[in-house]
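Notes to accompany the following structure.
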Amino acid sequence: MDMKNAIAKLKEVDDKSHAITHASALIQWDAATRAPKNSVEGRARTLSTLTGEYYMTLVNDEFNKILSYLEENKKELDYITTRKVEEYRIEYDKIAKIPVNVVKEYSEAQAKASAAWEEAKNKRDFSIFAPHLEKVIDYNKKFISYRGYTKHPYNTLLGDYERGLTTEDLDEFFSELKNTIVPLVNRINKSNVKINTEFTKKHYPSKEQDKLSKQLLHIIGFNMDSGLIAESEHPFTTNFNRNDVRITTHYFENDLLPALYSTLHEGGHAIYEQNIDEELEFTQLCGGTSMGIHESQSRFFENIVGRSYPFIEYIFPIIQKAFPENLQDVTSEDLYLAANKSELSLIRIDADELTYSLHIMIRYEIEKLLFENKILVEDLPEIWNQKYKEYMGLTPKNDAEGILQDVHWSEGLFGYFPSYALGNAYASQFKNTMEKSINIDEDLRNGNLENIRKWLYENVHKYGKLLTPKEIIKKATNEPLNAKYYTAYLEEKYSKIYDL
Ligand SMILES: [Zn+2]
């Protein structure tokens with residue numbers, strides 16, 4: 001083997017794995033936006049075959065030898081190739097330990113679990129989903145046993161979304177959040193400030209909301225020539241390459257706010273993907289560096305930008321123009337308060353910025369128990385309801401607004417939820433540093449997001465996976481992730497709103 005051959009082979013694997021991922025993602029996009037009900041079985045087969053192809057592309061003796069050769073000759077590689085080899089090695093080690101037939105079986109089980117979850121949610125009946133969920137969890141436990149773990153079995157899964165993240169880190173992180181959020185929520189409960197949200201619950205036709213969503217995307221800098229927005233049950237972002245990044249939202253005609261904020265949220269994810277350096281395109285390094293950093297970008301646009309007073313001041317006349325009758329007696333201040341009303345609630349995706357992390361803590365605690373083999377799938381609804389009673393003082397009326405509300409477990413995404421809370425913390429830390437060189441409020445008041453986007457591009461977006469999450473946060477803010485910026489941000493914001 002020589003260097004020239006090894007590099008050529010690496011490019012071949014880049015091209016092929018990228019093509020397979022592109023095809024799978026497009027099929028999944030289609031499933032979520034347009035595909036007919038009876039398409040499940042056929043799609044499950046195709047996705048299972050593609051998953052097998054992906055596996056075979058990466059896991060074979062030849063590629064293993066090429067990676068080893070490149071690792072041995074590291075000194076001759078440029079930085080991008082070095083990082084590419086590292087990422088491929090991690091991916092290789094992750095999947096090579098699992099037999100291909102198990103990977104394919106799992107892909108099929110996942111597709112079926114997703115369909116069962118949807119049915120169960122519609123019928124509000126966990127028992128329809130339970131046997132499928134049990135299978136998906138068993139597969140994940142099997143994967144952990146194949147792959148091994150350090151200290152806690154759940155760490156293996158956590159690391160897939162945030163490299164190196166452990167239950168120890170998260171126990172500490174969440175206890176810090178809890179120490180700020182729980183007392184703050186109690187003070188808000190006693191506050192005399194009552195926020196009116198009635199005007200947000202009038203009739204808001206989907207068609208107008210769709211137009212407004214596109215205007216908002218334009219304002220925050222989403223490139224419509226390299227992306228599009230569609231509707232799905234659950235909002236999400238998918239990216240095939242930097243020139244084809246797609247997002248979805250869900251319009252509720254009796255509520256103005258959900259689509260507005262999910263559009264800003266997914267828009268934040270999409271802007272990240274659209275701005276990864278061109279040099280990394282179609283390689284293993286193209287894509288956000290971790291789920292936590294990805295969520296920091298979505299939350300930045302959703303919350304730090306979208307729920308700030310200056311930005312709402314800027315967009316309010318635009319929203320008012322779209323719905324003149326509904327909003328004729330409303331002010332930007334009213335909209336600001338409505339968008340920031342804090343309330344203990346049952347549904348994660350509707351949660352406000354303050355109580356959001358409590359929803360995540362509940363899921364984290366349950367997942368940890370599952371992978372410690374301390375609880376059974378059949379007991380999940382009861383455990384869920386107990387935790388909601390404990391943290392929120394509320395009990396779901398049925399499984400749909402309880403244990404069945406999230407899509408994640410049906411897709412086998414265990415260890416993913418904590419990224420949401422980490423994303424909030426990263427975002428606040430980015431904001432803290434950004435403020436030193438940019439007058440964020442002033443820019444937002446003028447609807448000018450160029451400086452903000454440029455900062456995010458220079459410090460986060462352009463790197464793709466070239467830098468790890470730890471490297472990104474350190475380089476951008478001069479210190480590792482620190483929850484105090486997030487807790488300080490929450491304290492300040494909510495003390496003002498609720499006059500505490
Ligand atoms: Zn997100």
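By order of appearance in the structure tokens: chains A, B, ..., then residues from 1 within every chain, and ligands from 1 in the order shown.
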Mind running chain A against ligand 1 at 10 Å and telling me each contacting residue's nearest atom pair with the distance in Å (one decimal), counting only C-alpha atoms and all ligand atoms, chain and number ascending, as JSON lines?
```
{"residue": "A:Pro235", "atom": "CA", "partner": "ligand 1", "partner_atom_place_in_ligand_line": "1 (Zn)", "distance": 8.7}
{"residue": "A:Phe236", "atom": "CA", "partner": "ligand 1", "partner_atom_place_in_ligand_line": "1 (Zn)", "distance": 7.0}
{"residue": "A:Thr237", "atom": "CA", "partner": "ligand 1", "partner_atom_place_in_ligand_line": "1 (Zn)", "distance": 7.8}
{"residue": "A:Ser262", "atom": "CA", "partner": "ligand 1", "partner_atom_place_in_ligand_line": "1 (Zn)", "distance": 8.6}
{"residue": "A:His265", "atom": "CA", "partner": "ligand 1", "partner_atom_place_in_ligand_line": "1 (Zn)", "distance": 6.3}
{"residue": "A:Glu266", "atom": "CA", "partner": "ligand 1", "partner_atom_place_in_ligand_line": "1 (Zn)", "distance": 6.2}
{"residue": "A:Gly267", "atom": "CA", "partner": "ligand 1", "partner_atom_place_in_ligand_line": "1 (Zn)", "distance": 9.4}
{"residue": "A:Gly268", "atom": "CA", "partner": "ligand 1", "partner_atom_place_in_ligand_line": "1 (Zn)", "distance": 8.3}
{"residue": "A:His269", "atom": "CA", "partner": "ligand 1", "partner_atom_place_in_ligand_line": "1 (Zn)", "distance": 6.6}
{"residue": "A:Ala270", "atom": "CA", "partner": "ligand 1", "partner_atom_place_in_ligand_line": "1 (Zn)", "distance": 9.9}
{"residue": "A:Met291", "atom": "CA", "partner": "ligand 1", "partner_atom_place_in_ligand_line": "1 (Zn)", "distance": 8.3}
{"residue": "A:Gly292", "atom": "CA", "partner": "ligand 1", "partner_atom_place_in_ligand_line": "1 (Zn)", "distance": 9.2}
{"residue": "A:His294", "atom": "CA", "partner": "ligand 1", "partner_atom_place_in_ligand_line": "1 (Zn)", "distance": 7.1}
{"residue": "A:Glu295", "atom": "CA", "partner": "ligand 1", "partner_atom_place_in_ligand_line": "1 (Zn)", "distance": 5.1}
{"residue": "A:Ser296", "atom": "CA", "partner": "ligand 1", "partner_atom_place_in_ligand_line": "1 (Zn)", "distance": 8.4}
{"residue": "A:Gln297", "atom": "CA", "partner": "ligand 1", "partner_atom_place_in_ligand_line": "1 (Zn)", "distance": 8.4}
{"residue": "A:Ser298", "atom": "CA", "partner": "ligand 1", "partner_atom_place_in_ligand_line": "1 (Zn)", "distance": 5.6}
{"residue": "A:Arg299", "atom": "CA", "partner": "ligand 1", "partner_atom_place_in_ligand_line": "1 (Zn)", "distance": 7.3}
{"residue": "A:Glu302", "atom": "CA", "partner": "ligand 1", "partner_atom_place_in_ligand_line": "1 (Zn)", "distance": 9.6}
{"residue": "A:Ser419", "atom": "CA", "partner": "ligand 1", "partner_atom_place_in_ligand_line": "1 (Zn)", "distance": 9.0}
{"residue": "A:Tyr420", "atom": "CA", "partner": "ligand 1", "partner_atom_place_in_ligand_line": "1 (Zn)", "distance": 7.1}
{"residue": "A:Gly423", "atom": "CA", "partner": "ligand 1", "partner_atom_place_in_ligand_line": "1 (Zn)", "distance": 8.8}
```
Output the selection as a tab-separated table (two decimals), in the first residue's frame - C-alpha atoms for each residue.
```tsv
chain	number	residue	atom	x	y	z
A	235	PRO	CA	-40.64	19.30	13.50
A	236	PHE	CA	-37.12	18.25	12.50
A	237	THR	CA	-34.13	19.14	10.31
A	262	SER	CA	-40.19	25.52	15.97
A	265	HIS	CA	-35.44	26.33	16.23
A	266	GLU	CA	-35.09	24.15	13.14
A	267	GLY	CA	-33.85	27.20	11.25
A	268	GLY	CA	-30.96	27.40	13.71
A	269	HIS	CA	-30.06	23.76	13.06
A	270	ALA	CA	-30.28	24.38	9.32
A	291	MET	CA	-25.97	16.94	19.21
A	292	GLY	CA	-25.25	19.33	22.08
A	294	HIS	CA	-26.27	21.39	17.25
A	295	GLU	CA	-28.88	22.14	19.88
A	296	SER	CA	-26.92	25.19	20.96
A	297	GLN	CA	-27.46	26.62	17.48
A	298	SER	CA	-31.17	25.83	17.35
A	299	ARG	CA	-31.73	27.16	20.85
A	302	GLU	CA	-35.19	29.97	19.09
A	419	SER	CA	-28.15	17.19	24.37
A	420	TYR	CA	-31.13	19.53	24.58
A	423	GLY	CA	-27.47	22.93	24.03
```
- prompt: What lies within 12 Å of range 380-382 of chain A using only C-alpha atoms, ignoring chain neighbours under 5 positions off, as a PyMOL selection string?
  reply: chain A and resi 124-127+129-130+133-134+362-363+365-367+369-370+374-375+387-389+395-405
Dump of C-alpha atoms for the selected residues, as a compact mmCIF listing (two decimals), in the first residue's frame:
```txt
# COMPACT_ATOMS: atom_id res chain seq x y z
CA ARG A 124 -53.30 6.82 23.50
CA ASP A 125 -52.32 3.29 24.35
CA PHE A 126 -48.79 2.45 25.49
CA SER A 127 -49.41 -1.31 25.25
CA PHE A 129 -45.81 0.37 21.56
CA ALA A 130 -44.44 -1.53 24.58
CA LEU A 133 -39.89 -0.45 22.62
CA GLU A 134 -38.70 -3.42 24.61
CA ILE A 362 -37.03 13.28 33.90
CA ARG A 363 -36.04 11.53 30.66
CA GLU A 365 -33.28 9.75 35.03
CA ILE A 366 -35.56 7.19 33.34
CA GLU A 367 -33.02 6.27 30.66
CA LEU A 369 -32.59 3.49 35.24
CA LEU A 370 -33.43 1.53 32.07
CA LYS A 374 -33.55 -1.24 37.41
CA ILE A 375 -36.94 -0.80 35.72
CA LYS A 387 -41.72 11.71 38.00
CA TYR A 388 -44.03 14.29 36.45
CA LYS A 389 -45.90 14.45 39.73
CA THR A 395 -50.21 13.91 36.09
CA PRO A 396 -50.83 13.11 32.41
CA LYS A 397 -54.43 12.28 31.54
CA ASN A 398 -53.32 9.57 29.12
CA ASP A 399 -50.22 7.95 27.60
CA ALA A 400 -50.21 10.31 24.60
CA GLU A 401 -49.49 13.29 26.83
CA GLY A 402 -47.24 11.15 29.02
CA ILE A 403 -44.83 8.41 28.09
CA LEU A 404 -45.75 8.42 24.37
CA GLN A 405 -45.19 12.10 23.65
```
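Taking only C-alpha atoms into account, Val85 in chain A lies nearest to A:Asn64 out of the set A:Thr197, A:Asn64, A:Asn101, A:Thr167.
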task: Please run DSSP on the backbone and report, as a ChimeraX atom specification, all residues within range 184-405 of chain A that come out as alpha helix (DSSP H).
output: /A:184-190,206-220,257-274,291-299,309-322,332-339,356-371,380-392
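When only C-alpha atoms are used to compute distances to Ser17 in chain A, the closest of the residues A:Asn186, A:Asn140, A:Gln284, A:Asn254 turns out to be A:Gln284.
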- prompt: Any idea what's packed within 12 Å of Leu456 in chain A, counting only C-alpha atoms, ignoring anything in its chain fewer than 5 positions away? Could you give it as an MDAnalysis selection string?
  reply: chainID A and resid 268:269 271:273 275:276 293:294 296:298 300:301 427 430:431 433:434 438 449:451 461:464 472:473 476:477
field: Coordinates-based distance that separates CA of Phe143 in chain A from CA of Val102 in chain A (Å, one decimal)
entry: 9.2 Å
field: Residue contacts of Glu491 in chain A (10 Å, only C-alpha atoms) excluding same-chain residues fewer than 6 positions away, as an MDAnalysis selection string
entry: chainID A and resid 180:181 184 354 485 500
message: When you look at Ser290 in chain A with a cut-off of 8 Å (counting only C-alpha atoms), what residues show up, excluding the ones that are within fewer than 3 positions of it in the same chain? I need them as JSON, numbers by chain.
response: {"A": [161, 162, 163, 293, 294, 465, 468, 469]}
- prompt: Can you list, as a ChimeraX atom specification, every residue of range 221-250 of chain A that DSSP puts in strand (DSSP E or B)?
  reply: /A:227-231,237-241,244-249
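Counting only C-alpha atoms and comparing A:Ile440, A:Leu337, A:Val377, A:Ala322, the residue that lies closest to Lys493 in chain A is A:Leu337.
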field: Of the listed residues A:Ile304, A:Ala230, A:Leu257, A:Ala116, that which approaches Leu490 in chain A most closely, counting only C-alpha atoms
entry: A:Ile304
task: Using only C-alpha atoms, find the one residue out of A:Asn38, A:Asn73, A:Ser145, A:Thr283 that sits nearest to Ala6 in chain A.
output: A:Asn73
query: Near range 333-336 of chain A, counting only C-alpha atoms, which residues have an atom at most 9 Å away, once you skip same-chain residues fewer than 3 positions from it, shown as number ranges by chain?
result: A: 195-197, 199-200, 307-309, 312-313, 316, 330, 339-341
message: Which residues are close to Glu72 in chain A, i.e. within 12 Å by only C-alpha atoms, leaving aside same-chain residues fewer than 5 positions away? Reply as a list of chain:residue names.
response: A:Asp2, A:Met3, A:Ala6, A:Lys65, A:Ile66, A:Leu67, A:Leu77, A:Thr82, A:Val85
